[in-house]
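Structure file upload_23.txt (compact mmCIF, N, CA and C atoms) follows.
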```
# COMPACT_ATOMS: atom_id res chain seq x y z
N MET A 25 -2.38 3.27 -2.88
CA MET A 25 -1.14 3.99 -2.66
C MET A 25 -0.94 4.33 -1.19
N ASP A 26 -2.04 4.59 -0.46
CA ASP A 26 -1.86 4.95 0.94
C ASP A 26 -1.38 3.77 1.78
N GLN A 27 -1.40 2.55 1.21
CA GLN A 27 -0.90 1.38 1.92
C GLN A 27 0.53 1.05 1.54
N GLY A 28 1.13 1.82 0.65
CA GLY A 28 2.53 1.62 0.30
C GLY A 28 2.78 0.76 -0.92
N ALA A 29 1.75 0.50 -1.73
CA ALA A 29 1.94 -0.30 -2.94
C ALA A 29 2.94 0.38 -3.87
N THR A 30 3.75 -0.43 -4.54
CA THR A 30 4.72 0.11 -5.50
C THR A 30 4.31 -0.18 -6.93
N GLN A 31 3.29 -1.01 -7.12
CA GLN A 31 2.77 -1.31 -8.45
C GLN A 31 1.25 -1.48 -8.36
N ALA A 32 0.59 -1.20 -9.48
CA ALA A 32 -0.85 -1.42 -9.56
C ALA A 32 -1.20 -1.76 -11.00
N LEU A 33 -2.25 -2.57 -11.15
CA LEU A 33 -2.70 -2.96 -12.48
C LEU A 33 -4.21 -3.10 -12.46
N PRO A 34 -4.91 -2.26 -13.22
CA PRO A 34 -6.37 -2.47 -13.34
C PRO A 34 -6.61 -3.80 -14.05
N ILE A 35 -7.52 -4.61 -13.52
CA ILE A 35 -7.75 -5.92 -14.13
C ILE A 35 -9.17 -6.12 -14.63
N LEU A 36 -10.08 -5.26 -14.18
CA LEU A 36 -11.49 -5.49 -14.47
C LEU A 36 -12.24 -4.18 -14.36
N THR A 37 -13.22 -4.01 -15.22
CA THR A 37 -14.12 -2.87 -15.07
C THR A 37 -15.53 -3.42 -14.93
N VAL A 38 -16.29 -2.86 -14.00
CA VAL A 38 -17.65 -3.33 -13.72
C VAL A 38 -18.60 -2.14 -13.70
N GLU A 39 -19.87 -2.45 -13.82
CA GLU A 39 -20.87 -1.37 -13.82
C GLU A 39 -21.41 -1.07 -12.43
N GLN A 40 -21.30 -2.03 -11.51
CA GLN A 40 -21.84 -1.84 -10.18
C GLN A 40 -20.81 -2.21 -9.13
N ARG A 41 -20.84 -1.52 -8.03
CA ARG A 41 -19.93 -1.81 -6.91
C ARG A 41 -20.11 -3.25 -6.44
N LEU A 42 -21.33 -3.75 -6.46
CA LEU A 42 -21.61 -5.11 -6.05
C LEU A 42 -20.80 -6.11 -6.87
N HIS A 43 -20.67 -5.87 -8.16
CA HIS A 43 -19.89 -6.76 -9.02
C HIS A 43 -18.40 -6.72 -8.65
N ALA A 44 -17.91 -5.56 -8.29
CA ALA A 44 -16.53 -5.46 -7.84
C ALA A 44 -16.34 -6.29 -6.57
N GLY A 45 -17.33 -6.28 -5.70
CA GLY A 45 -17.27 -7.10 -4.49
C GLY A 45 -17.24 -8.58 -4.79
N HIS A 46 -18.03 -9.00 -5.80
CA HIS A 46 -18.03 -10.42 -6.20
C HIS A 46 -16.65 -10.82 -6.73
N ALA A 47 -16.04 -9.97 -7.53
CA ALA A 47 -14.70 -10.26 -8.06
C ALA A 47 -13.68 -10.32 -6.92
N GLU A 48 -13.80 -9.41 -5.96
CA GLU A 48 -12.88 -9.39 -4.82
C GLU A 48 -13.00 -10.69 -4.02
N VAL A 49 -14.22 -11.15 -3.79
CA VAL A 49 -14.43 -12.39 -3.06
C VAL A 49 -13.82 -13.57 -3.82
N ALA A 50 -13.97 -13.58 -5.15
CA ALA A 50 -13.44 -14.67 -5.96
C ALA A 50 -11.91 -14.72 -5.91
N LEU A 51 -11.27 -13.58 -5.74
CA LEU A 51 -9.80 -13.52 -5.77
C LEU A 51 -9.14 -13.57 -4.39
N LYS A 52 -9.89 -13.27 -3.34
CA LYS A 52 -9.26 -13.10 -2.03
C LYS A 52 -8.62 -14.37 -1.47
N GLY A 53 -9.03 -15.52 -1.94
CA GLY A 53 -8.41 -16.75 -1.47
C GLY A 53 -7.01 -16.96 -2.02
N PHE A 54 -6.63 -16.16 -3.00
CA PHE A 54 -5.34 -16.33 -3.67
C PHE A 54 -4.37 -15.17 -3.43
N VAL A 55 -4.87 -14.09 -2.87
CA VAL A 55 -4.06 -12.89 -2.64
C VAL A 55 -4.32 -12.38 -1.23
N SER A 56 -3.28 -12.20 -0.47
CA SER A 56 -3.43 -11.68 0.88
C SER A 56 -3.73 -10.19 0.83
N ASP A 57 -4.59 -9.74 1.72
CA ASP A 57 -4.85 -8.30 1.82
C ASP A 57 -4.06 -7.69 2.97
N ARG A 58 -3.13 -8.43 3.52
CA ARG A 58 -2.29 -7.96 4.62
C ARG A 58 -0.89 -7.64 4.10
N THR A 59 -0.35 -6.58 4.61
CA THR A 59 1.02 -6.18 4.26
C THR A 59 1.85 -6.18 5.53
N ASP A 60 3.04 -6.72 5.47
CA ASP A 60 3.98 -6.63 6.58
C ASP A 60 4.55 -5.20 6.53
N TRP A 61 3.93 -4.32 7.29
CA TRP A 61 4.26 -2.90 7.20
C TRP A 61 5.72 -2.63 7.58
N ARG A 62 6.27 -3.39 8.50
CA ARG A 62 7.67 -3.18 8.89
C ARG A 62 8.60 -3.50 7.72
N LYS A 63 8.33 -4.60 7.04
CA LYS A 63 9.13 -4.98 5.87
C LYS A 63 8.96 -3.95 4.76
N MET A 64 7.73 -3.48 4.57
CA MET A 64 7.45 -2.49 3.53
C MET A 64 8.22 -1.19 3.77
N LEU A 65 8.44 -0.85 5.02
CA LEU A 65 9.13 0.41 5.35
C LEU A 65 10.65 0.27 5.37
N LYS A 66 11.17 -0.92 5.09
CA LYS A 66 12.61 -1.12 5.05
C LYS A 66 13.17 -0.95 3.64
N GLY A 67 12.32 -0.78 2.67
CA GLY A 67 12.82 -0.59 1.31
C GLY A 67 11.81 -0.98 0.25
N GLU A 68 12.27 -0.93 -0.98
CA GLU A 68 11.40 -1.24 -2.11
C GLU A 68 11.32 -2.75 -2.33
N ALA A 69 10.14 -3.22 -2.63
CA ALA A 69 9.95 -4.64 -2.96
C ALA A 69 10.38 -4.86 -4.40
N PRO A 70 10.87 -6.06 -4.72
CA PRO A 70 11.20 -6.33 -6.13
C PRO A 70 9.93 -6.29 -6.97
N PRO A 71 10.02 -5.78 -8.19
CA PRO A 71 8.82 -5.68 -9.02
C PRO A 71 8.30 -7.06 -9.42
N LEU A 72 6.99 -7.14 -9.60
CA LEU A 72 6.33 -8.36 -10.06
C LEU A 72 5.94 -8.22 -11.52
N GLU A 73 5.80 -9.34 -12.18
CA GLU A 73 5.23 -9.35 -13.54
C GLU A 73 3.72 -9.32 -13.36
N MET A 74 3.18 -8.12 -13.26
CA MET A 74 1.78 -7.95 -12.87
C MET A 74 0.81 -8.60 -13.86
N ALA A 75 1.07 -8.52 -15.16
CA ALA A 75 0.17 -9.14 -16.14
C ALA A 75 0.14 -10.65 -15.94
N GLN A 76 1.28 -11.23 -15.68
CA GLN A 76 1.35 -12.67 -15.44
C GLN A 76 0.59 -13.04 -14.17
N VAL A 77 0.76 -12.25 -13.11
CA VAL A 77 0.05 -12.49 -11.86
C VAL A 77 -1.45 -12.39 -12.09
N ARG A 78 -1.89 -11.36 -12.82
CA ARG A 78 -3.31 -11.20 -13.13
C ARG A 78 -3.86 -12.43 -13.83
N ASP A 79 -3.15 -12.90 -14.87
CA ASP A 79 -3.62 -14.05 -15.65
C ASP A 79 -3.68 -15.31 -14.78
N GLU A 80 -2.70 -15.50 -13.91
CA GLU A 80 -2.69 -16.66 -13.01
C GLU A 80 -3.85 -16.59 -12.03
N LEU A 81 -4.15 -15.39 -11.54
CA LEU A 81 -5.27 -15.24 -10.60
C LEU A 81 -6.59 -15.57 -11.28
N PHE A 82 -6.79 -15.07 -12.49
CA PHE A 82 -8.03 -15.37 -13.20
C PHE A 82 -8.17 -16.87 -13.43
N GLU A 83 -7.06 -17.51 -13.74
CA GLU A 83 -7.08 -18.96 -13.97
C GLU A 83 -7.40 -19.72 -12.68
N LYS A 84 -6.77 -19.33 -11.58
CA LYS A 84 -7.00 -19.99 -10.30
C LYS A 84 -8.43 -19.80 -9.81
N ALA A 85 -8.96 -18.61 -10.00
CA ALA A 85 -10.29 -18.30 -9.49
C ALA A 85 -11.38 -19.04 -10.26
N GLU A 86 -11.09 -19.42 -11.51
CA GLU A 86 -12.06 -20.14 -12.34
C GLU A 86 -13.46 -19.57 -12.16
N HIS A 87 -13.62 -18.33 -12.38
CA HIS A 87 -14.88 -17.64 -12.14
C HIS A 87 -15.21 -16.78 -13.35
N ASN A 88 -16.45 -16.76 -13.72
CA ASN A 88 -16.88 -15.80 -14.76
C ASN A 88 -17.14 -14.48 -14.06
N PHE A 89 -16.20 -13.60 -14.17
CA PHE A 89 -16.31 -12.32 -13.49
C PHE A 89 -17.32 -11.43 -14.19
N PRO A 90 -18.14 -10.73 -13.40
CA PRO A 90 -19.02 -9.75 -14.01
C PRO A 90 -18.17 -8.58 -14.50
N GLY A 91 -18.46 -8.08 -15.64
CA GLY A 91 -17.70 -6.94 -16.15
C GLY A 91 -16.77 -7.36 -17.26
N VAL A 92 -15.83 -6.49 -17.54
CA VAL A 92 -14.92 -6.68 -18.67
C VAL A 92 -13.49 -6.76 -18.16
N LYS A 93 -12.79 -7.84 -18.53
CA LYS A 93 -11.37 -7.97 -18.18
C LYS A 93 -10.58 -6.96 -19.01
N LEU A 94 -9.48 -6.49 -18.46
CA LEU A 94 -8.67 -5.45 -19.10
C LEU A 94 -7.29 -6.00 -19.45
N PRO A 95 -7.18 -6.82 -20.50
CA PRO A 95 -5.89 -7.45 -20.82
C PRO A 95 -4.82 -6.48 -21.31
N GLU A 96 -5.21 -5.31 -21.78
CA GLU A 96 -4.24 -4.35 -22.32
C GLU A 96 -3.87 -3.25 -21.33
N ALA A 97 -4.39 -3.35 -20.11
CA ALA A 97 -4.10 -2.30 -19.12
C ALA A 97 -2.61 -2.25 -18.82
N GLN A 98 -2.13 -1.06 -18.54
CA GLN A 98 -0.71 -0.83 -18.26
C GLN A 98 -0.46 -0.84 -16.76
N VAL A 99 0.69 -1.36 -16.38
CA VAL A 99 1.10 -1.37 -14.98
C VAL A 99 1.49 0.04 -14.56
N LEU A 100 1.00 0.44 -13.43
CA LEU A 100 1.37 1.74 -12.84
C LEU A 100 2.47 1.50 -11.83
N GLN A 101 3.60 2.15 -12.01
CA GLN A 101 4.71 2.10 -11.05
C GLN A 101 4.54 3.28 -10.10
N ILE A 102 4.56 3.02 -8.82
CA ILE A 102 4.34 4.05 -7.81
C ILE A 102 5.65 4.29 -7.07
N ASN A 103 6.10 5.52 -7.09
CA ASN A 103 7.34 5.90 -6.41
C ASN A 103 7.03 6.85 -5.27
N TYR A 104 7.73 6.69 -4.19
CA TYR A 104 7.53 7.51 -3.00
C TYR A 104 8.79 8.33 -2.74
N PRO A 105 8.61 9.53 -2.19
CA PRO A 105 9.79 10.36 -1.90
C PRO A 105 10.48 9.91 -0.61
N VAL A 106 11.43 8.99 -0.75
CA VAL A 106 12.16 8.48 0.41
C VAL A 106 13.65 8.66 0.15
N LEU A 107 14.30 9.41 1.03
CA LEU A 107 15.75 9.60 0.93
C LEU A 107 16.50 8.40 1.46
N GLU A 108 15.97 7.83 2.55
CA GLU A 108 16.65 6.69 3.18
C GLU A 108 15.63 5.90 3.99
N TYR A 109 15.66 4.58 3.79
CA TYR A 109 14.80 3.69 4.57
C TYR A 109 15.51 3.30 5.86
N PRO A 110 14.77 3.09 6.94
CA PRO A 110 15.41 2.70 8.21
C PRO A 110 15.89 1.25 8.16
N GLU A 111 16.99 0.97 8.83
CA GLU A 111 17.46 -0.41 8.96
C GLU A 111 16.55 -1.18 9.90
N LYS A 112 16.18 -0.53 10.99
CA LYS A 112 15.25 -1.13 11.95
C LYS A 112 14.06 -0.18 12.07
N VAL A 113 12.87 -0.72 11.89
CA VAL A 113 11.66 0.10 11.94
C VAL A 113 11.17 0.18 13.38
N ARG A 114 11.11 1.42 13.88
CA ARG A 114 10.59 1.67 15.22
C ARG A 114 9.39 2.59 15.08
N SER A 115 8.24 2.11 15.54
CA SER A 115 7.01 2.87 15.43
C SER A 115 6.90 3.86 16.59
N HIS A 116 6.36 5.04 16.30
CA HIS A 116 6.15 6.05 17.34
C HIS A 116 4.66 6.16 17.62
N ASN A 117 4.30 6.20 18.90
CA ASN A 117 2.91 6.32 19.32
C ASN A 117 2.72 7.66 20.02
N LEU A 118 1.97 8.56 19.39
CA LEU A 118 1.75 9.89 19.96
C LEU A 118 0.90 9.86 21.22
N ASP A 119 0.10 8.80 21.40
CA ASP A 119 -0.70 8.70 22.62
C ASP A 119 0.19 8.44 23.84
N LYS A 120 1.29 7.75 23.64
CA LYS A 120 2.22 7.45 24.73
C LYS A 120 3.29 8.51 24.89
N GLU A 121 3.73 9.05 23.77
CA GLU A 121 4.77 10.09 23.76
C GLU A 121 4.33 11.16 22.75
N PRO A 122 3.77 12.27 23.22
CA PRO A 122 3.11 13.22 22.32
C PRO A 122 4.03 14.06 21.43
N VAL A 123 5.34 13.91 21.57
CA VAL A 123 6.26 14.67 20.73
C VAL A 123 7.16 13.70 19.97
N LEU A 124 7.28 13.93 18.68
CA LEU A 124 8.21 13.16 17.85
C LEU A 124 9.17 14.15 17.23
N GLU A 125 10.45 13.95 17.47
CA GLU A 125 11.47 14.81 16.90
C GLU A 125 12.36 13.99 15.99
N GLY A 126 12.82 14.59 14.93
CA GLY A 126 13.72 13.91 14.01
C GLY A 126 13.69 14.57 12.65
N THR A 127 14.47 14.03 11.75
CA THR A 127 14.53 14.52 10.37
C THR A 127 13.65 13.64 9.50
N LEU A 128 12.77 14.27 8.76
CA LEU A 128 11.89 13.54 7.85
C LEU A 128 12.72 13.00 6.69
N MET A 129 12.75 11.67 6.58
CA MET A 129 13.55 11.00 5.55
C MET A 129 12.70 10.58 4.35
N GLY A 130 11.39 10.51 4.55
CA GLY A 130 10.54 10.11 3.44
C GLY A 130 9.11 9.88 3.83
N ILE A 131 8.31 9.65 2.80
CA ILE A 131 6.89 9.34 2.96
C ILE A 131 6.62 8.12 2.10
N LYS A 132 6.00 7.12 2.69
CA LYS A 132 5.59 5.95 1.92
C LYS A 132 4.19 5.59 2.38
N GLY A 133 3.24 5.76 1.48
CA GLY A 133 1.85 5.50 1.85
C GLY A 133 1.43 6.42 2.97
N GLN A 134 0.84 5.84 3.99
CA GLN A 134 0.34 6.61 5.12
C GLN A 134 1.40 6.83 6.21
N TYR A 135 2.64 6.45 5.92
CA TYR A 135 3.71 6.53 6.90
C TYR A 135 4.66 7.69 6.62
N LEU A 136 5.02 8.40 7.68
CA LEU A 136 6.12 9.36 7.63
C LEU A 136 7.33 8.65 8.21
N ILE A 137 8.43 8.69 7.48
CA ILE A 137 9.65 8.00 7.92
C ILE A 137 10.64 9.06 8.40
N PHE A 138 10.93 9.03 9.69
CA PHE A 138 11.91 9.93 10.28
C PHE A 138 13.18 9.15 10.56
N ASP A 139 14.26 9.85 10.82
CA ASP A 139 15.51 9.16 11.16
C ASP A 139 15.44 8.53 12.55
N THR A 140 14.43 8.88 13.33
CA THR A 140 14.30 8.38 14.70
C THR A 140 13.19 7.33 14.85
N ALA A 141 12.17 7.38 13.99
CA ALA A 141 11.02 6.48 14.11
C ALA A 141 10.14 6.66 12.87
N VAL A 142 9.14 5.79 12.74
CA VAL A 142 8.13 5.96 11.71
C VAL A 142 6.79 6.18 12.39
N ILE A 143 5.91 6.86 11.70
CA ILE A 143 4.59 7.12 12.28
C ILE A 143 3.52 6.90 11.22
N ASN A 144 2.50 6.17 11.62
CA ASN A 144 1.36 5.88 10.75
C ASN A 144 0.35 7.02 10.93
N MET A 145 0.27 7.90 9.96
CA MET A 145 -0.56 9.09 10.09
C MET A 145 -2.05 8.77 10.07
N ARG A 146 -2.44 7.68 9.42
CA ARG A 146 -3.86 7.32 9.40
C ARG A 146 -4.38 7.07 10.81
N LYS A 147 -3.51 6.55 11.67
CA LYS A 147 -3.90 6.26 13.04
C LYS A 147 -4.36 7.53 13.77
N TYR A 148 -3.90 8.67 13.31
CA TYR A 148 -4.17 9.92 14.03
C TYR A 148 -5.20 10.80 13.32
N THR A 149 -6.03 10.19 12.49
CA THR A 149 -7.14 10.92 11.87
C THR A 149 -8.02 11.50 12.98
N GLY A 150 -8.33 12.75 12.88
CA GLY A 150 -9.16 13.40 13.90
C GLY A 150 -8.37 14.06 15.00
N TYR A 151 -7.07 13.85 15.06
CA TYR A 151 -6.21 14.49 16.05
C TYR A 151 -5.84 15.88 15.56
N MET A 152 -5.53 16.76 16.49
CA MET A 152 -5.01 18.08 16.14
C MET A 152 -3.50 17.99 16.34
N LEU A 153 -2.75 18.04 15.23
CA LEU A 153 -1.30 17.92 15.28
C LEU A 153 -0.63 19.20 14.83
N GLY A 154 0.51 19.47 15.38
CA GLY A 154 1.29 20.63 14.98
C GLY A 154 2.66 20.17 14.49
N VAL A 155 3.19 20.90 13.54
CA VAL A 155 4.50 20.60 12.98
C VAL A 155 5.36 21.85 13.06
N SER A 156 6.60 21.67 13.44
CA SER A 156 7.53 22.81 13.43
C SER A 156 8.85 22.37 12.85
N ALA A 157 9.50 23.29 12.18
CA ALA A 157 10.81 23.02 11.58
C ALA A 157 11.82 23.93 12.24
N GLY A 158 13.01 23.43 12.33
CA GLY A 158 13.99 24.30 12.96
C GLY A 158 15.33 23.70 13.09
```
For this file, write the structure as structure tokens.
Amino acid sequence: MDQGATQALPILTVEQRLHAGHAEVALKGFVSDRTDWRKMLKGEAPPLEMAQVRDELFEKAEHNFPGVKLPEAQVLQINYPVLEYPEKVRSHNLDKEPVLEGTLMGIKGQYLIFDTAVINMRKYTGYMLGVSAG
């Protein structure tokens, strides 16, 4: 969710973290782990048929996964509080410009969306930040 996903589907349960890693390696050739963050912040992605995608991935991977497949798992729809998405995404860097002013329009994953810019809050882990309203 902190990466801005709008859907999720549990596909497998395993007893050890190592087994989860094996399943991830088997699937990574078919699914990108990169998100175009600018596109993601311009609006909602169309929903996918997650069960169908899961089944296609298992078929493509042709792997006996350790653990138990979860064919009856339900898709989780993730909604974010966004009043308005920006037409053009402009990122704000607090290291270059330490003040960001604007109206908070929404939150999607690790991003705060203002009417003036967006800011990736994960980038500022460990920083001392102040917020004021007025």
Worksheet entry | Interatomic distance, atom C of Lys120 (chain A) to atom N of Tyr135 (chain A) (Å, one decimal) |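 Separation of atom C of Lys120 (chain A) and atom N of Tyr135 (chain A): 19.1 Å.
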What lies within 8 Å of Thr140 (chain A) using all atoms listed in the file, ignoring chain neighbours under 5 positions off, as a PDB file with N, CA and C atoms, keeping the file's coordinate frame?
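Saved to result.pdb:
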```pdb
ATOM      1  N   VAL A 113      12.870  -0.720  11.890  1.00  0.00           N
ATOM      2  CA  VAL A 113      11.660   0.100  11.940  1.00  0.00           C
ATOM      3  C   VAL A 113      11.170   0.180  13.380  1.00  0.00           C
ATOM      4  N   ARG A 114      11.110   1.420  13.880  1.00  0.00           N
ATOM      5  CA  ARG A 114      10.590   1.670  15.220  1.00  0.00           C
ATOM      6  C   ARG A 114       9.390   2.590  15.080  1.00  0.00           C
ATOM      7  N   SER A 115       8.240   2.110  15.540  1.00  0.00           N
ATOM      8  CA  SER A 115       7.010   2.870  15.430  1.00  0.00           C
ATOM      9  C   SER A 115       6.900   3.860  16.590  1.00  0.00           C
ATOM     10  N   HIS A 116       6.360   5.040  16.300  1.00  0.00           N
ATOM     11  CA  HIS A 116       6.150   6.050  17.340  1.00  0.00           C
ATOM     12  C   HIS A 116       4.660   6.160  17.620  1.00  0.00           C
ATOM     13  N   GLU A 125      10.450  13.950  17.470  1.00  0.00           N
ATOM     14  CA  GLU A 125      11.470  14.810  16.900  1.00  0.00           C
ATOM     15  C   GLU A 125      12.360  13.990  15.990  1.00  0.00           C
ATOM     16  N   GLY A 126      12.820  14.590  14.930  1.00  0.00           N
ATOM     17  CA  GLY A 126      13.720  13.910  14.010  1.00  0.00           C
ATOM     18  C   GLY A 126      13.690  14.570  12.650  1.00  0.00           C
ATOM     19  N   THR A 127      14.470  14.030  11.750  1.00  0.00           N
ATOM     20  CA  THR A 127      14.530  14.520  10.370  1.00  0.00           C
ATOM     21  C   THR A 127      13.650  13.640   9.500  1.00  0.00           C
ATOM     22  N   LEU A 128      12.770  14.270   8.760  1.00  0.00           N
ATOM     23  CA  LEU A 128      11.890  13.540   7.850  1.00  0.00           C
ATOM     24  C   LEU A 128      12.720  13.000   6.690  1.00  0.00           C
ATOM     25  N   MET A 129      12.750  11.670   6.580  1.00  0.00           N
ATOM     26  CA  MET A 129      13.550  11.000   5.550  1.00  0.00           C
ATOM     27  C   MET A 129      12.700  10.580   4.350  1.00  0.00           C
TER      28      MET A 129
END
```
Determine which residues of region 26-152 of chain A receive a DSSP assignment of strand (DSSP E), computed from the backbone, and state them as an mmCIF file with N, CA and C atoms, in the coordinates of the input.
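So part_14.cif came out as:
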```
data_model
loop_
_atom_site.group_PDB
_atom_site.id
_atom_site.type_symbol
_atom_site.label_atom_id
_atom_site.label_comp_id
_atom_site.auth_asym_id
_atom_site.auth_seq_id
_atom_site.Cartn_x
_atom_site.Cartn_y
_atom_site.Cartn_z
ATOM 1 N N GLN A 31 3.290 -1.010 -7.120
ATOM 2 C CA GLN A 31 2.770 -1.310 -8.450
ATOM 3 C C GLN A 31 1.250 -1.480 -8.360
ATOM 4 N N ALA A 32 0.590 -1.200 -9.480
ATOM 5 C CA ALA A 32 -0.850 -1.420 -9.560
ATOM 6 C C ALA A 32 -1.200 -1.760 -11.000
ATOM 7 N N LEU A 36 -10.080 -5.260 -14.180
ATOM 8 C CA LEU A 36 -11.490 -5.490 -14.470
ATOM 9 C C LEU A 36 -12.240 -4.180 -14.360
ATOM 10 N N THR A 37 -13.220 -4.010 -15.220
ATOM 11 C CA THR A 37 -14.120 -2.870 -15.070
ATOM 12 C C THR A 37 -15.530 -3.420 -14.930
ATOM 13 N N VAL A 92 -15.830 -6.490 -17.540
ATOM 14 C CA VAL A 92 -14.920 -6.680 -18.670
ATOM 15 C C VAL A 92 -13.490 -6.760 -18.160
ATOM 16 N N LYS A 93 -12.790 -7.840 -18.530
ATOM 17 C CA LYS A 93 -11.370 -7.970 -18.180
ATOM 18 C C LYS A 93 -10.580 -6.960 -19.010
ATOM 19 N N LEU A 100 1.000 0.440 -13.430
ATOM 20 C CA LEU A 100 1.370 1.740 -12.840
ATOM 21 C C LEU A 100 2.470 1.500 -11.830
ATOM 22 N N GLN A 101 3.600 2.150 -12.010
ATOM 23 C CA GLN A 101 4.710 2.100 -11.050
ATOM 24 C C GLN A 101 4.540 3.280 -10.100
ATOM 25 N N LEU A 128 12.770 14.270 8.760
ATOM 26 C CA LEU A 128 11.890 13.540 7.850
ATOM 27 C C LEU A 128 12.720 13.000 6.690
ATOM 28 N N MET A 129 12.750 11.670 6.580
ATOM 29 C CA MET A 129 13.550 11.000 5.550
ATOM 30 C C MET A 129 12.700 10.580 4.350
ATOM 31 N N GLY A 130 11.390 10.510 4.550
ATOM 32 C CA GLY A 130 10.540 10.110 3.440
ATOM 33 C C GLY A 130 9.110 9.880 3.830
ATOM 34 N N ILE A 131 8.310 9.650 2.800
ATOM 35 C CA ILE A 131 6.890 9.340 2.960
ATOM 36 C C ILE A 131 6.620 8.120 2.100
ATOM 37 N N LYS A 132 6.000 7.120 2.690
ATOM 38 C CA LYS A 132 5.590 5.950 1.920
ATOM 39 C C LYS A 132 4.190 5.590 2.380
ATOM 40 N N TYR A 135 2.640 6.450 5.920
ATOM 41 C CA TYR A 135 3.710 6.530 6.900
ATOM 42 C C TYR A 135 4.660 7.690 6.620
ATOM 43 N N LEU A 136 5.020 8.400 7.680
ATOM 44 C CA LEU A 136 6.120 9.360 7.630
ATOM 45 C C LEU A 136 7.330 8.650 8.210
ATOM 46 N N ILE A 137 8.430 8.690 7.480
ATOM 47 C CA ILE A 137 9.650 8.000 7.920
ATOM 48 C C ILE A 137 10.640 9.060 8.400
ATOM 49 N N PHE A 138 10.930 9.030 9.690
ATOM 50 C CA PHE A 138 11.910 9.930 10.280
ATOM 51 C C PHE A 138 13.180 9.150 10.560
ATOM 52 N N VAL A 142 9.140 5.790 12.740
ATOM 53 C CA VAL A 142 8.130 5.960 11.710
ATOM 54 C C VAL A 142 6.790 6.180 12.390
ATOM 55 N N ILE A 143 5.910 6.860 11.700
ATOM 56 C CA ILE A 143 4.590 7.120 12.280
ATOM 57 C C ILE A 143 3.520 6.900 11.220
ATOM 58 N N ASN A 144 2.500 6.170 11.620
ATOM 59 C CA ASN A 144 1.360 5.880 10.750
ATOM 60 C C ASN A 144 0.350 7.020 10.930
#
```
Practice prompt. Take atom N of Gly91 (chain A) and atom N of Asn103 (chain A) and report the distance between them in Å, one decimal.
Written response: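 We find that atom N of Gly91 (chain A) and atom N of Asn103 (chain A) lie 29.3 Å from each other.
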Fill in: Between CA of Val38 (chain A) and atom N of Glu73 (chain A), distance in Å (one decimal)
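According to the coordinates, CA of Val38 (chain A) and atom N of Glu73 (chain A) are separated by 24.3 Å.
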Around all listed atoms of region 109-112 of chain A, padded 6 Å per side, what centre and edge lengths does the axis-aligned box have in Å to one decimal, as lines of an AutoDock Vina configuration file?
```
center_x = 15.8
center_y = 1.7
center_z = 7.9
size_x = 15.4
size_y = 17.8
size_z = 20.3
```
Worksheet item: Could you write out, as a count of residues only, all the residues of chain A that DSSP marks as alpha helix (DSSP H)?
Response: 27
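Neighbours of Ala47 (chain A) closer than or equal to 6.5 Å, with all atoms listed in the file counted and sequence neighbours fewer than 5 positions away skipped, come out as Leu42, Lys52, Phe89 and Pro90 of chain A.
Among A:Asn117, A:Leu81, A:Tyr148, A:Gly154, the residue with the shortest atom-to-atom distance to Phe54 (chain A), counting all atoms listed in the file, is A:Leu81.
Proximity of A:Met74, A:Val106, A:Ala32, A:Ala85 to Asp139 (chain A), computed with only C-alpha atoms, is greatest for A:Val106.
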Discussion item. Given the point (-5.8, 6.8, 8.5) in the coordinates of this file, which residues lie within 10 Å, counting only C-alpha atoms, and how would they look as a ChimeraX atom specification?
Written reply: /A:26-27,134-135,144-150
Worksheet item: Pick from A:Leu124, A:Val55, A:Leu36, A:Val92: nearest to Ile143 (chain A), with only C-alpha atoms counted?
Response: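 Using only C-alpha atoms, the shortest distance to Ile143 (chain A) belongs to A:Leu124.
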Worksheet, complete the sentence: Using all atoms listed in the file, the shortest atom-to-atom distance to Glu108 (chain A) among A:His87, A:Leu65, A:Leu94, A:Leu72 belongs to A:Leu65
Worksheet, complete the sentence: Nearest to Lys112 (chain A), restricted to all atoms listed in the file and choosing among A:Gln40, A:Lys66, A:Met152, A:Thr30, comes out as A:Lys66
Fill in: Proximity to Glu68 (chain A) - best of A:Ser56, A:Gln31, A:Asn88, A:Ser156, only C-alpha atoms
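Of A:Ser56, A:Gln31, A:Asn88, A:Ser156, the one nearest Glu68 (chain A) is A:Gln31, counting only C-alpha atoms.
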